[in-house]
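For reference, structure_9.pdb (PDB, C-alpha atoms):
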```
MODEL        1
ATOM      1  CA  MET A1301      17.452  21.825  -2.005  1.00  0.00           C
ATOM      2  CA  LYS A1302      20.026  19.830  -3.904  1.00  0.00           C
ATOM      3  CA  GLY A1303      19.182  16.153  -3.475  1.00  0.00           C
ATOM      4  CA  ASN A1304      21.327  13.056  -3.693  1.00  0.00           C
ATOM      5  CA  SER A1305      21.667  11.909  -7.314  1.00  0.00           C
ATOM      6  CA  GLU A1306      21.091   8.241  -6.387  1.00  0.00           C
ATOM      7  CA  VAL A1307      17.882   9.121  -4.574  1.00  0.00           C
ATOM      8  CA  ILE A1308      16.679  11.226  -7.509  1.00  0.00           C
ATOM      9  CA  ALA A1309      17.427   8.384  -9.940  1.00  0.00           C
ATOM     10  CA  ALA A1310      15.584   5.933  -7.684  1.00  0.00           C
ATOM     11  CA  LEU A1311      12.607   8.306  -7.447  1.00  0.00           C
ATOM     12  CA  ASN A1312      12.521   8.530 -11.237  1.00  0.00           C
ATOM     13  CA  SER A1313      12.522   4.742 -11.408  1.00  0.00           C
ATOM     14  CA  LEU A1314       9.584   4.672  -8.979  1.00  0.00           C
ATOM     15  CA  LEU A1315       7.878   7.317 -11.085  1.00  0.00           C
ATOM     16  CA  THR A1316       8.166   5.090 -14.152  1.00  0.00           C
ATOM     17  CA  GLY A1317       6.507   2.290 -12.201  1.00  0.00           C
ATOM     18  CA  GLU A1318       3.665   4.472 -10.932  1.00  0.00           C
ATOM     19  CA  LEU A1319       2.958   5.862 -14.402  1.00  0.00           C
ATOM     20  CA  SER A1320       3.056   2.360 -15.890  1.00  0.00           C
ATOM     21  CA  ALA A1321       0.668   1.074 -13.223  1.00  0.00           C
ATOM     22  CA  MET A1322      -1.610   4.035 -13.913  1.00  0.00           C
ATOM     23  CA  ASP A1323      -1.674   3.127 -17.611  1.00  0.00           C
ATOM     24  CA  GLN A1324      -2.329  -0.567 -16.939  1.00  0.00           C
ATOM     25  CA  TYR A1325      -5.180   0.226 -14.557  1.00  0.00           C
ATOM     26  CA  PHE A1326      -6.589   2.713 -17.071  1.00  0.00           C
ATOM     27  CA  VAL A1327      -6.701   0.117 -19.849  1.00  0.00           C
ATOM     28  CA  HIS A1328      -8.116  -2.576 -17.560  1.00  0.00           C
ATOM     29  CA  ALA A1329     -10.789  -0.187 -16.275  1.00  0.00           C
ATOM     30  CA  HIS A1330     -12.014   0.525 -19.778  1.00  0.00           C
ATOM     31  CA  MET A1331     -11.986  -3.168 -20.660  1.00  0.00           C
ATOM     32  CA  TYR A1332     -14.202  -3.811 -17.612  1.00  0.00           C
ATOM     33  CA  GLU A1333     -16.500  -1.007 -18.720  1.00  0.00           C
ATOM     34  CA  ASP A1334     -16.725  -2.443 -22.224  1.00  0.00           C
ATOM     35  CA  TRP A1335     -17.624  -5.866 -20.825  1.00  0.00           C
ATOM     36  CA  GLY A1336     -20.329  -4.433 -18.562  1.00  0.00           C
ATOM     37  CA  PHE A1337     -18.535  -4.935 -15.226  1.00  0.00           C
ATOM     38  CA  ASP A1338     -19.344  -1.476 -13.932  1.00  0.00           C
ATOM     39  CA  GLU A1339     -18.256  -2.117 -10.334  1.00  0.00           C
ATOM     40  CA  LEU A1340     -14.801  -3.244 -11.482  1.00  0.00           C
ATOM     41  CA  TYR A1341     -14.612  -0.319 -13.897  1.00  0.00           C
ATOM     42  CA  THR A1342     -15.282   2.189 -11.121  1.00  0.00           C
ATOM     43  CA  ARG A1343     -12.813   0.624  -8.678  1.00  0.00           C
ATOM     44  CA  ILE A1344      -9.985   0.150 -11.166  1.00  0.00           C
ATOM     45  CA  LEU A1345     -10.402   3.644 -12.599  1.00  0.00           C
ATOM     46  CA  HIS A1346     -10.068   4.854  -8.994  1.00  0.00           C
ATOM     47  CA  GLU A1347      -6.839   2.827  -8.723  1.00  0.00           C
ATOM     48  CA  SER A1348      -5.549   4.537 -11.879  1.00  0.00           C
ATOM     49  CA  ASP A1349      -6.275   7.896 -10.262  1.00  0.00           C
ATOM     50  CA  ASP A1350      -4.455   6.780  -7.094  1.00  0.00           C
ATOM     51  CA  GLU A1351      -1.388   5.888  -9.150  1.00  0.00           C
ATOM     52  CA  LYS A1352      -1.556   9.306 -10.790  1.00  0.00           C
ATOM     53  CA  ALA A1353      -1.584  10.891  -7.312  1.00  0.00           C
ATOM     54  CA  HIS A1354       1.429   8.781  -6.313  1.00  0.00           C
ATOM     55  CA  ALA A1355       3.222   9.916  -9.470  1.00  0.00           C
ATOM     56  CA  ALA A1356       2.413  13.549  -8.644  1.00  0.00           C
ATOM     57  CA  LYS A1357       3.983  13.183  -5.190  1.00  0.00           C
ATOM     58  CA  LEU A1358       7.117  11.707  -6.755  1.00  0.00           C
ATOM     59  CA  VAL A1359       7.292  14.513  -9.340  1.00  0.00           C
ATOM     60  CA  GLN A1360       6.962  17.118  -6.587  1.00  0.00           C
ATOM     61  CA  ARG A1361       9.723  15.503  -4.540  1.00  0.00           C
ATOM     62  CA  ILE A1362      12.064  15.158  -7.536  1.00  0.00           C
ATOM     63  CA  LEU A1363      11.552  18.833  -8.351  1.00  0.00           C
ATOM     64  CA  PHE A1364      12.143  19.794  -4.713  1.00  0.00           C
ATOM     65  CA  LEU A1365      15.429  17.872  -4.812  1.00  0.00           C
ATOM     66  CA  GLU A1366      16.326  19.841  -7.980  1.00  0.00           C
ATOM     67  CA  GLY A1367      16.041  16.816 -10.240  1.00  0.00           C
ATOM     68  CA  THR A1368      14.241  16.400 -13.530  1.00  0.00           C
ATOM     69  CA  PRO A1369      11.201  14.119 -13.453  1.00  0.00           C
ATOM     70  CA  ASP A1370      11.167  11.473 -16.187  1.00  0.00           C
ATOM     71  CA  VAL A1371       7.514  11.315 -17.154  1.00  0.00           C
ATOM     72  CA  ALA A1372       8.126   9.724 -20.548  1.00  0.00           C
ATOM     73  CA  SER A1373       9.476   6.320 -19.518  1.00  0.00           C
ATOM     74  CA  ARG A1374       7.166   3.336 -19.033  1.00  0.00           C
ATOM     75  CA  GLU A1375       7.609  -0.304 -18.140  1.00  0.00           C
ATOM     76  CA  ALA A1376       5.950  -3.011 -20.219  1.00  0.00           C
ATOM     77  CA  LEU A1377       2.261  -3.329 -19.417  1.00  0.00           C
ATOM     78  CA  ASN A1378       0.677  -6.700 -18.644  1.00  0.00           C
ATOM     79  CA  ILE A1379      -2.795  -6.326 -20.086  1.00  0.00           C
ATOM     80  CA  GLY A1380      -4.952  -9.317 -19.192  1.00  0.00           C
ATOM     81  CA  LYS A1381      -7.294 -11.115 -21.529  1.00  0.00           C
ATOM     82  CA  ASP A1382      -9.958 -11.914 -18.926  1.00  0.00           C
ATOM     83  CA  VAL A1383     -11.025 -10.608 -15.513  1.00  0.00           C
ATOM     84  CA  GLU A1384      -9.050 -13.090 -13.420  1.00  0.00           C
ATOM     85  CA  GLU A1385      -5.848 -12.566 -15.404  1.00  0.00           C
ATOM     86  CA  MET A1386      -6.288  -8.795 -15.223  1.00  0.00           C
ATOM     87  CA  LEU A1387      -6.677  -8.859 -11.434  1.00  0.00           C
ATOM     88  CA  LYS A1388      -3.653 -11.146 -11.063  1.00  0.00           C
ATOM     89  CA  ASN A1389      -1.537  -8.975 -13.376  1.00  0.00           C
ATOM     90  CA  ASP A1390      -2.486  -5.881 -11.381  1.00  0.00           C
ATOM     91  CA  LEU A1391      -1.656  -7.629  -8.110  1.00  0.00           C
ATOM     92  CA  ASN A1392       1.723  -8.772  -9.419  1.00  0.00           C
ATOM     93  CA  TYR A1393       2.429  -5.199 -10.459  1.00  0.00           C
ATOM     94  CA  GLU A1394       1.549  -3.971  -6.973  1.00  0.00           C
ATOM     95  CA  TYR A1395       3.850  -6.583  -5.404  1.00  0.00           C
ATOM     96  CA  ALA A1396       6.697  -5.317  -7.611  1.00  0.00           C
ATOM     97  CA  VAL A1397       5.926  -1.683  -6.754  1.00  0.00           C
ATOM     98  CA  ALA A1398       5.905  -2.485  -3.024  1.00  0.00           C
ATOM     99  CA  ASP A1399       9.263  -4.279  -3.279  1.00  0.00           C
ATOM    100  CA  HIS A1400      10.733  -1.359  -5.200  1.00  0.00           C
ATOM    101  CA  LEU A1401       9.391   1.130  -2.669  1.00  0.00           C
ATOM    102  CA  ARG A1402      11.048  -0.844   0.143  1.00  0.00           C
ATOM    103  CA  GLU A1403      14.375  -0.766  -1.719  1.00  0.00           C
ATOM    104  CA  VAL A1404      14.200   2.989  -2.262  1.00  0.00           C
ATOM    105  CA  ILE A1405      13.126   3.565   1.349  1.00  0.00           C
ATOM    106  CA  ALA A1406      16.280   1.690   2.433  1.00  0.00           C
ATOM    107  CA  LEU A1407      18.367   3.837   0.059  1.00  0.00           C
ATOM    108  CA  CYS A1408      16.848   7.008   1.508  1.00  0.00           C
ATOM    109  CA  GLU A1409      17.688   5.758   4.995  1.00  0.00           C
ATOM    110  CA  ALA A1410      21.285   5.062   3.962  1.00  0.00           C
ATOM    111  CA  LYS A1411      21.602   8.503   2.340  1.00  0.00           C
ATOM    112  CA  GLU A1412      19.946  10.146   5.362  1.00  0.00           C
ATOM    113  CA  ASP A1413      17.103  11.586   3.292  1.00  0.00           C
ATOM    114  CA  PHE A1414      14.489  11.051   5.958  1.00  0.00           C
ATOM    115  CA  GLN A1415      11.838  13.312   4.437  1.00  0.00           C
ATOM    116  CA  THR A1416      11.836  11.396   1.150  1.00  0.00           C
ATOM    117  CA  ARG A1417      11.740   8.149   3.131  1.00  0.00           C
ATOM    118  CA  GLU A1418       8.660   9.411   4.979  1.00  0.00           C
ATOM    119  CA  ILE A1419       6.891  10.282   1.708  1.00  0.00           C
ATOM    120  CA  LEU A1420       7.655   6.830   0.310  1.00  0.00           C
ATOM    121  CA  GLU A1421       6.430   5.113   3.476  1.00  0.00           C
ATOM    122  CA  VAL A1422       3.026   6.739   2.928  1.00  0.00           C
ATOM    123  CA  LEU A1423       2.985   5.454  -0.664  1.00  0.00           C
ATOM    124  CA  LEU A1424       3.963   1.977   0.546  1.00  0.00           C
ATOM    125  CA  ASP A1425       1.185   1.958   3.122  1.00  0.00           C
ATOM    126  CA  ASP A1426      -1.346   2.942   0.448  1.00  0.00           C
ATOM    127  CA  THR A1427      -0.001   0.252  -1.885  1.00  0.00           C
ATOM    128  CA  GLU A1428      -0.138  -2.483   0.761  1.00  0.00           C
ATOM    129  CA  SER A1429      -3.257  -1.591   2.730  1.00  0.00           C
ATOM    130  CA  ASP A1430      -5.427  -0.453  -0.181  1.00  0.00           C
ATOM    131  CA  HIS A1431      -4.311  -1.628  -3.607  1.00  0.00           C
ATOM    132  CA  MET A1432      -2.782  -5.022  -2.758  1.00  0.00           C
ATOM    133  CA  TYR A1433      -5.363  -5.854  -0.093  1.00  0.00           C
ATOM    134  CA  TRP A1434      -8.319  -5.174  -2.404  1.00  0.00           C
ATOM    135  CA  LEU A1435      -6.811  -7.179  -5.285  1.00  0.00           C
ATOM    136  CA  GLU A1436      -5.929 -10.112  -3.009  1.00  0.00           C
ATOM    137  CA  LYS A1437      -9.507 -10.076  -1.701  1.00  0.00           C
ATOM    138  CA  GLN A1438     -10.934 -10.215  -5.240  1.00  0.00           C
ATOM    139  CA  ILE A1439      -8.781 -13.198  -6.152  1.00  0.00           C
ATOM    140  CA  ARG A1440      -9.791 -14.982  -2.920  1.00  0.00           C
ATOM    141  CA  LEU A1441     -13.446 -14.323  -3.764  1.00  0.00           C
ATOM    142  CA  ILE A1442     -12.990 -15.885  -7.194  1.00  0.00           C
ATOM    143  CA  ASP A1443     -11.376 -18.922  -5.565  1.00  0.00           C
ATOM    144  CA  ARG A1444     -14.202 -19.249  -3.024  1.00  0.00           C
ATOM    145  CA  VAL A1445     -17.318 -18.580  -5.089  1.00  0.00           C
ATOM    146  CA  GLY A1446     -16.110 -19.289  -8.616  1.00  0.00           C
ATOM    147  CA  LEU A1447     -15.469 -16.892 -11.458  1.00  0.00           C
ATOM    148  CA  GLN A1448     -19.033 -16.806 -12.806  1.00  0.00           C
ATOM    149  CA  ASN A1449     -20.575 -16.046  -9.402  1.00  0.00           C
ATOM    150  CA  TYR A1450     -17.935 -13.385  -8.782  1.00  0.00           C
ATOM    151  CA  LEU A1451     -18.589 -11.752 -12.158  1.00  0.00           C
ATOM    152  CA  GLN A1452     -22.352 -11.638 -11.520  1.00  0.00           C
ATOM    153  CA  THR A1453     -21.693  -9.420  -8.502  1.00  0.00           C
ATOM    154  CA  LYS A1454     -19.599  -6.971 -10.571  1.00  0.00           C
ATOM    155  CA  MET A1455     -22.149  -6.012 -13.198  1.00  0.00           C
TER     156      MET A1455
ENDMDL
END
```
Rewrite the structure from the file as structure tokens, please.
Amino acid sequence: MKGNSEVIAALNSLLTGELSAMDQYFVHAHMYEDWGFDELYTRILHESDDEKAHAAKLVQRILFLEGTPDVASREALNIGKDVEEMLKNDLNYEYAVADHLREVIALCEAKEDFQTREILEVLLDDTESDHMYWLEKQIRLIDRVGLQNYLQTKM
């Protein structure tokens, strides 16, 4: 099915974001592992896998619309230097991804590509209700119990 070129370009832009987020989570996960924060390592590696699954859905949709997926492009990564900065950088990335998803959902609506819109709404729900929620909760925990107490629970 020949898709709208603007929608395909927007999907490729989303794909770049998902792959970049996957890479950032991957690096952060291995930093947590190196520092002995096994619980954070496990969760953030899971987030990297989630981003990979999001990217796969975008690739499948781009191919269905007879576009060419751009899997080479990446945005700049924001690798943190400590746990709190890493969590905040990941959350900021998720906020940007959610905003971008909303923009592309609106484009799909305008171009009457309702199936692509539906796929993106599922990704947005996952981003908001899982990724962003968990990261916001971690930052609130740090604020409430202090960084050292928080870190003791993540070993």
From the set A:Leu1319, A:Asp1334, A:Glu1347, A:Glu1385, which residue has the shortest atom-to-atom contact distance to A:Met1455, counting all atoms listed in the file?
A:Asp1334
To one decimal in Å, tell me the separation between atom CA of A:Asp1443 and atom CA of A:Asn1389.
16.0 Å
Taking (-13.3, -9.4, -17.6) in the coordinates of the supplied file, I want to know which residues reach to within 6 Å of it, counting only C-alpha atoms; could you give the answer as number ranges by chain?
A: 1332, 1382-1383
When you draw a straight line from atom CA of A:Phe1364 to atom CA of A:Met1301, how long is it in Å?
6.3 Å
Would you write out, as a list in words, every residue that the PyMOL selection byres ((chain A and resi 1303) around 9) captures in this file?
Met1301, Lys1302, Asn1304, Ser1305, Glu1306, Val1307, Ile1308, Ile1362, Phe1364, Leu1365, Glu1366, Gly1367 and Asp1413 of chain A
Do a neighbour search on A:Leu1315 at 10 Å with only C-alpha atoms, toss out local chain neighbours closer than 2 positions, and write the hits as an mmCIF file with C-alpha atoms, in the coordinates of the input.
```cif
data_model
loop_
_atom_site.group_PDB
_atom_site.id
_atom_site.type_symbol
_atom_site.label_atom_id
_atom_site.label_comp_id
_atom_site.auth_asym_id
_atom_site.auth_seq_id
_atom_site.Cartn_x
_atom_site.Cartn_y
_atom_site.Cartn_z
ATOM 1 C CA ALA A 1309 17.427 8.384 -9.940
ATOM 2 C CA ALA A 1310 15.584 5.933 -7.684
ATOM 3 C CA LEU A 1311 12.607 8.306 -7.447
ATOM 4 C CA ASN A 1312 12.521 8.530 -11.237
ATOM 5 C CA SER A 1313 12.522 4.742 -11.408
ATOM 6 C CA GLY A 1317 6.507 2.290 -12.201
ATOM 7 C CA GLU A 1318 3.665 4.472 -10.932
ATOM 8 C CA LEU A 1319 2.958 5.862 -14.402
ATOM 9 C CA SER A 1320 3.056 2.360 -15.890
ATOM 10 C CA ALA A 1321 0.668 1.074 -13.223
ATOM 11 C CA GLU A 1351 -1.388 5.888 -9.150
ATOM 12 C CA LYS A 1352 -1.556 9.306 -10.790
ATOM 13 C CA HIS A 1354 1.429 8.781 -6.313
ATOM 14 C CA ALA A 1355 3.222 9.916 -9.470
ATOM 15 C CA ALA A 1356 2.413 13.549 -8.644
ATOM 16 C CA LYS A 1357 3.983 13.183 -5.190
ATOM 17 C CA LEU A 1358 7.117 11.707 -6.755
ATOM 18 C CA VAL A 1359 7.292 14.513 -9.340
ATOM 19 C CA ILE A 1362 12.064 15.158 -7.536
ATOM 20 C CA PRO A 1369 11.201 14.119 -13.453
ATOM 21 C CA ASP A 1370 11.167 11.473 -16.187
ATOM 22 C CA VAL A 1371 7.514 11.315 -17.154
ATOM 23 C CA ALA A 1372 8.126 9.724 -20.548
ATOM 24 C CA SER A 1373 9.476 6.320 -19.518
ATOM 25 C CA ARG A 1374 7.166 3.336 -19.033
#
```
With only C-alpha atoms counted and 9 Å as the cut-off, give the residues of stretch 1319-1426 of chain A in contact with stretch 1431-1435 of chain A, each with its shortest interatomic distance in Å and the pair that gives it, as a tab-separated table.
```
residue	atom	partner	partner_atom	distance
A:Glu1347	CA	A:His1431	CA	7.2
A:Leu1387	CA	A:Leu1435	CA	6.4
A:Lys1388	CA	A:Leu1435	CA	7.7
A:Asp1390	CA	A:Leu1435	CA	7.6
A:Leu1391	CA	A:Leu1435	CA	5.9
A:Asn1392	CA	A:Met1432	CA	8.9
A:Glu1394	CA	A:Met1432	CA	6.1
A:Tyr1395	CA	A:Met1432	CA	7.3
A:Asp1426	CA	A:His1431	CA	6.8
```
